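Structure file entry.txt with compact mmCIF, C-alpha atoms and all ligand atoms:
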# COMPACT_ATOMS: atom_id res chain seq x y z
CA MET A 1 -11.26 -10.51 9.28
CA GLU A 2 -12.71 -9.48 12.65
CA ASP A 3 -9.75 -11.02 14.49
CA LEU A 4 -7.34 -8.95 12.37
CA ARG A 5 -9.48 -5.85 12.87
CA SER A 6 -9.26 -6.32 16.63
CA LEU A 7 -5.45 -6.18 16.40
CA ILE A 8 -5.47 -2.73 14.73
CA ARG A 9 -4.74 -0.03 17.30
CA ASP A 10 -6.24 3.46 17.00
CA ILE A 11 -3.88 6.29 17.96
CA PRO A 12 -5.80 9.58 18.19
CA ASP A 13 -4.09 12.80 17.08
CA PHE A 14 -1.03 11.10 15.52
CA PRO A 15 0.98 12.36 13.70
CA GLN A 16 -1.11 15.49 14.04
CA GLN A 17 -4.32 16.77 15.66
CA GLY A 18 -7.51 15.32 14.20
CA VAL A 19 -5.96 12.23 12.55
CA VAL A 20 -6.80 8.82 13.98
CA PHE A 21 -3.75 6.77 13.06
CA LYS A 22 -4.33 3.09 12.30
CA ASP A 23 -1.36 1.37 13.96
CA ILE A 24 -0.75 -2.05 12.39
CA THR A 25 2.30 -2.96 14.49
CA PRO A 26 0.21 -5.24 16.80
CA VAL A 27 -0.78 -7.24 13.68
CA LEU A 28 2.81 -7.42 12.41
CA GLY A 29 3.97 -8.54 15.85
CA ASP A 30 1.49 -11.42 16.03
CA PRO A 31 2.98 -14.40 14.13
CA ASP A 32 -0.40 -15.94 13.35
CA GLY A 33 -2.08 -12.62 12.54
CA PHE A 34 0.78 -11.50 10.29
CA ALA A 35 0.71 -14.78 8.34
CA ARG A 36 -3.07 -14.66 7.89
CA LEU A 37 -2.91 -11.01 6.81
CA VAL A 38 -0.30 -11.72 4.13
CA LYS A 39 -2.22 -14.72 2.79
CA ALA A 40 -5.51 -12.80 2.72
CA MET A 41 -3.90 -9.90 0.84
CA ALA A 42 -2.40 -12.30 -1.72
CA ASP A 43 -5.36 -14.69 -2.14
CA PRO A 44 -7.37 -12.84 -4.85
CA TYR A 45 -4.28 -12.57 -7.08
CA ARG A 46 -2.94 -16.15 -7.02
CA ASP A 47 -3.96 -16.77 -10.64
CA ALA A 48 -3.58 -13.19 -11.88
CA GLY A 49 -0.17 -13.66 -13.52
CA VAL A 50 1.46 -11.08 -11.26
CA SER A 51 5.18 -10.72 -12.03
CA HIS A 52 5.90 -8.08 -9.35
CA VAL A 53 4.38 -6.69 -6.18
CA ALA A 54 5.10 -2.99 -5.59
CA GLY A 55 5.19 -1.59 -2.04
CA ILE A 56 5.08 2.00 -0.84
CA GLU A 57 7.71 3.16 1.71
CA ALA A 58 7.78 2.38 4.53
CA ARG A 59 4.88 0.47 6.10
CA GLY A 60 3.87 -0.80 2.67
CA PHE A 61 7.20 -2.67 2.45
CA THR A 62 6.31 -4.78 5.48
CA LEU A 63 3.30 -6.19 3.61
CA ALA A 64 4.35 -6.01 -0.05
CA ALA A 65 7.53 -8.07 0.33
CA PRO A 66 5.84 -11.08 2.01
CA VAL A 67 2.89 -10.83 -0.42
CA ALA A 68 5.42 -10.98 -3.28
CA LEU A 69 6.96 -14.16 -1.82
CA GLU A 70 3.46 -15.60 -1.32
CA LEU A 71 2.69 -15.02 -5.04
CA GLY A 72 6.08 -16.15 -6.31
CA ALA A 73 6.62 -12.63 -7.64
CA GLY A 74 9.40 -10.05 -7.45
CA PHE A 75 9.29 -7.00 -5.17
CA VAL A 76 9.49 -3.38 -6.37
CA PRO A 77 10.12 -0.55 -3.88
CA ILE A 78 8.39 2.80 -4.35
CA ARG A 79 10.32 5.23 -2.19
CA LYS A 80 10.57 8.78 -0.88
CA PRO A 81 12.78 11.11 -2.99
CA GLY A 82 16.53 10.58 -3.00
CA LYS A 83 16.50 7.04 -1.60
CA LEU A 84 16.68 4.95 -4.77
CA PRO A 85 20.24 4.81 -6.17
CA TYR A 86 19.60 4.26 -9.89
CA GLU A 87 17.71 6.37 -12.47
CA THR A 88 14.17 7.19 -11.26
CA ILE A 89 10.96 8.89 -12.24
CA ARG A 90 9.13 11.02 -9.67
CA GLN A 91 5.49 11.79 -8.85
CA ASP A 92 4.25 14.52 -6.48
CA TYR A 93 1.05 13.95 -4.47
CA GLU A 94 -1.04 15.20 -1.55
CA LEU A 95 -1.76 13.07 1.51
CA GLU A 96 -4.06 13.33 4.51
CA TYR A 97 -1.47 15.32 6.43
CA GLY A 98 0.80 17.24 4.00
CA THR A 99 2.37 16.82 0.57
CA ASP A 100 5.12 14.49 -0.59
CA SER A 101 6.73 12.78 -3.58
CA LEU A 102 7.47 9.19 -4.54
CA GLU A 103 10.04 7.66 -6.89
CA ILE A 104 10.53 4.36 -8.70
CA HIS A 105 13.47 2.91 -10.65
CA VAL A 106 12.86 3.28 -14.40
CA ASP A 107 13.88 -0.35 -15.00
CA ALA A 108 11.97 -1.91 -12.07
CA ILE A 109 9.83 -3.99 -14.44
CA THR A 110 9.69 -4.87 -18.13
CA PRO A 111 6.92 -2.91 -19.90
CA GLY A 112 3.71 -4.97 -20.15
CA GLU A 113 4.29 -6.95 -16.96
CA LYS A 114 1.45 -7.30 -14.46
CA VAL A 115 2.05 -5.57 -11.16
CA LEU A 116 0.07 -5.69 -7.90
CA LEU A 117 0.28 -2.60 -5.70
CA VAL A 118 0.23 -3.17 -1.91
CA ASP A 119 -0.03 -0.75 1.01
CA ASP A 120 -1.21 -0.76 4.63
CA VAL A 121 -3.81 2.03 4.54
CA ILE A 122 -5.72 3.98 1.90
CA ALA A 123 -6.96 7.30 3.24
CA THR A 124 -7.44 10.12 0.68
CA GLY A 125 -5.95 7.91 -2.06
CA GLY A 126 -3.24 10.37 -3.09
CA THR A 127 -0.39 8.03 -2.23
CA ALA A 128 -1.84 5.03 -4.05
CA ALA A 129 -2.77 7.18 -7.07
CA ALA A 130 0.82 8.48 -7.28
CA ALA A 131 2.14 4.91 -7.06
CA VAL A 132 -0.21 3.78 -9.87
CA LYS A 133 1.02 6.69 -12.04
CA LEU A 134 4.65 5.71 -11.42
CA LEU A 135 3.98 2.05 -12.26
CA GLU A 136 2.07 2.96 -15.42
CA GLY A 137 4.84 5.45 -16.24
CA ILE A 138 7.34 2.59 -16.51
CA GLY A 139 4.94 0.47 -18.57
CA ALA A 140 3.32 -1.75 -15.91
CA GLU A 141 -0.18 -3.13 -16.16
CA VAL A 142 -1.50 -2.49 -12.64
CA VAL A 143 -3.84 -5.45 -12.02
CA GLY A 144 -5.00 -4.31 -8.60
CA PHE A 145 -4.38 -2.54 -5.32
CA SER A 146 -4.38 -4.85 -2.29
CA VAL A 147 -4.64 -2.87 0.94
CA PHE A 148 -5.13 -3.92 4.56
CA ILE A 149 -7.26 -0.95 5.69
CA GLU A 150 -9.58 1.34 3.73
CA LEU A 151 -10.85 4.55 5.34
CA VAL A 152 -14.02 4.51 3.25
CA PHE A 153 -15.24 7.93 4.44
CA LEU A 154 -12.25 9.62 2.71
CA SER A 155 -13.29 8.20 -0.71
CA GLY A 156 -9.70 7.40 -1.70
CA ILE A 157 -10.95 4.79 -4.16
CA GLU A 158 -12.09 7.62 -6.47
CA MET A 159 -8.44 8.63 -6.99
CA LEU A 160 -7.46 5.21 -8.32
CA ASP A 161 -8.61 5.74 -11.89
CA GLY A 162 -10.31 2.36 -12.27
CA VAL A 163 -7.61 0.18 -10.69
CA PRO A 164 -9.58 -2.45 -8.69
CA ILE A 165 -9.08 -2.26 -4.94
CA HIS A 166 -9.16 -5.20 -2.53
CA ALA A 167 -9.44 -3.96 1.08
CA LEU A 168 -9.57 -6.42 4.00
CA VAL A 169 -10.83 -4.09 6.73
CA ARG A 170 -13.00 -1.08 6.00
CA TYR A 171 -13.88 1.81 8.34
CA HIS A 172 -17.06 3.77 7.57
P1 LIG B 1 -3.48 8.76 1.49
O1 LIG B 1 -2.53 9.24 0.44
O2 LIG B 1 -4.23 9.90 2.13
O3 LIG B 1 -4.39 7.68 0.99
O4 LIG B 1 -2.62 8.17 2.67
C1 LIG B 1 -2.17 6.87 2.60
C2 LIG B 1 -0.79 6.72 3.17
O5 LIG B 1 -0.62 7.45 4.38
C3 LIG B 1 -0.53 5.29 3.46
O6 LIG B 1 0.75 4.97 2.97
C4 LIG B 1 -0.63 5.18 4.96
O7 LIG B 1 0.47 4.47 5.45
C5 LIG B 1 -0.63 6.60 5.49
N1 LIG B 1 -1.83 6.96 6.26
C6 LIG B 1 -2.74 7.93 5.93
N2 LIG B 1 -3.68 8.05 6.84
C7 LIG B 1 -3.43 7.13 7.77
C8 LIG B 1 -4.08 6.76 9.00
N3 LIG B 1 -5.20 7.35 9.43
N4 LIG B 1 -3.54 5.74 9.69
C9 LIG B 1 -2.39 5.13 9.27
N5 LIG B 1 -1.75 5.45 8.14
C10 LIG B 1 -2.24 6.44 7.40
Any chance you could put this one into C-alpha cells?
Amino acid sequence: MEDLRSLIRDIPDFPQQGVVFKDITPVLGDPDGFARLVKAMADPYRDAGVSHVAGIEARGFTLAAPVALELGAGFVPIRKPGKLPYETIRQDYELEYGTDSLEIHVDAITPGEKVLLVDDVIATGGTAAAAVKLLEGIGAEVVGFSVFIELVFLSGIEMLDGVPIHALVRYH
C-alpha cells in the first residue's frame, strides 16, 4: 500500500485552518493506482455475499461505484439532503469541520440484504456512523466499512458500533 500512500496529497488548512486534507485525486487520476485501490478495497469482501455497496456523497461515490462493479453488487447512493428524488430517511451528524445530514432512499435495498459501506476517509467517524444508521434503518445488514484512509488519531472507529472496518492506509 506504500505506493498508494505516496499518491495521497496533503493539503494543509483546507477547507479550514487546522485541517490537513487528504486529497485522493492523484490516486484517482492514476489508471494503475485507481485500479489497484478499487481491487484492494473490494478484496476482503469477495465471498461476503454483498448485494449492494453504499457510497457517501461525493468522494465516496468515486470508490463505491467501482467497488460495487468489482463485487458484482448494486450501488446505493447516500446523499446530502434534498438530492434524492424518491422517499428518503434522514440522519443528522457532526463532522470534523461542521455539522451535516445524509439521506437514503427507503427502498434502496430489500431488508436483510448484506451491504458494504465505502468511503474515502474516516476522520471523527460521524459520517460513517450516520451512514450505518441509515442503512440499518432500511433493514440492511452492514457487513463492513471499507475505507481508503483512516485518521487513527481521531478514533472514528469507536463511532461505528461494532461494524468491522477495513482501512488500507492509516495515519497515526
Ligand atoms: P468524519 O465524519 O469526521 O469521519 O469525516 C469523514 C468525511 O469527511 C469523509 O466523507 C471525508 O471525505 C471527509 N473528511 C474528513 N476529514 C478529512 C480529511 N482530513 N481529509 C479528507 N477528507 C476528510
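For Ile11 in chain A, the residues within 10 Å (counting all atoms listed in the file, excluding itself and residues fewer than 3 positions away along the chain) are Ile8, Phe14, Pro15, Val19, Val20, Phe21, Lys22 and Asp23 of chain A.
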Just want the 8 Å neighbourhood of Asp119 in chain A, counted on only C-alpha atoms, with same-chain residues fewer than 5 positions away dropped. Output as a short mmCIF file (atom, residue, chain, number, x, y, z; two decimals) with C-alpha atoms, in the frame of the given file.
data_model
loop_
_atom_site.label_atom_id
_atom_site.label_comp_id
_atom_site.auth_asym_id
_atom_site.auth_seq_id
_atom_site.Cartn_x
_atom_site.Cartn_y
_atom_site.Cartn_z
CA GLY A 55 5.19 -1.59 -2.04
CA ILE A 56 5.08 2.00 -0.84
CA ARG A 59 4.88 0.47 6.10
CA GLY A 60 3.87 -0.80 2.67
CA PHE A 61 7.20 -2.67 2.45
CA LEU A 63 3.30 -6.19 3.61
CA ALA A 64 4.35 -6.01 -0.05
CA ALA A 128 -1.84 5.03 -4.05
CA PHE A 145 -4.38 -2.54 -5.32
CA SER A 146 -4.38 -4.85 -2.29
CA VAL A 147 -4.64 -2.87 0.94
CA PHE A 148 -5.13 -3.92 4.56
#
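Compared by their closest atoms to Val118 in chain A, and using all atoms listed in the file, the residues A:Ala68, A:Met1, A:Leu28, A:Val106 rank with A:Ala68 nearest.
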What separation in Å, quoted to one decimal, exists between CA of Ala129 in chain A and CA of Pro164 in chain A?
11.9 Å
Go ahead and compute the interatomic distance for CA of Gly18 in chain A and atom O3 of ligand LIG 1 (chain B), in Å to one decimal.
15.6 Å
For Leu168 in chain A, please output as a VMD selection string all residues within 12 Å (counting all atoms listed in the file; exclusion window: fewer than 2 positions along the same chain).
chain A and resid 1 to 5 36 to 44 118 to 122 145 to 152 165 to 166 170 to 171
May I have the protein, DNA and RNA residues with any atom at most 6 Å from the point (6.8, -0.1, -3.1), counting all atoms listed in the file, written as an mmCIF file with C-alpha atoms, in the coordinates of the input?
data_model
loop_
_atom_site.group_PDB
_atom_site.id
_atom_site.type_symbol
_atom_site.label_atom_id
_atom_site.label_comp_id
_atom_site.auth_asym_id
_atom_site.auth_seq_id
_atom_site.Cartn_x
_atom_site.Cartn_y
_atom_site.Cartn_z
ATOM 1 C CA ALA A 54 5.100 -2.990 -5.590
ATOM 2 C CA GLY A 55 5.190 -1.590 -2.040
ATOM 3 C CA ILE A 56 5.080 2.000 -0.840
ATOM 4 C CA GLU A 57 7.710 3.160 1.710
ATOM 5 C CA VAL A 76 9.490 -3.380 -6.370
ATOM 6 C CA PRO A 77 10.120 -0.550 -3.880
ATOM 7 C CA ILE A 78 8.390 2.800 -4.350
#
For Glu113 in chain A, which residue among A:Pro66, A:Gly49, A:Gly72, A:Gly156 is the nearest when counting all atoms listed in the file?
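Checking each of A:Pro66, A:Gly49, A:Gly72, A:Gly156 against Glu113 in chain A, counting all atoms listed in the file, the winner is A:Gly49.
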Close residues, Ala130 in chain A itself excluded, 12 Å, all atoms listed in the file, min 4 positions apart in chain, as JSON, numbers by chain:
{"A": [56, 78, 79, 80, 89, 90, 91, 92, 93, 94, 95, 99, 100, 101, 102, 103, 104, 117, 124, 125, 126, 134, 135, 136, 137, 156, 159, 160, 161]}
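Among the candidates A:Pro81, A:Glu141, A:Thr127, A:Ser51, the one nearest to ligand LIG 1 (chain B) when counting all atoms listed in the file is A:Thr127.
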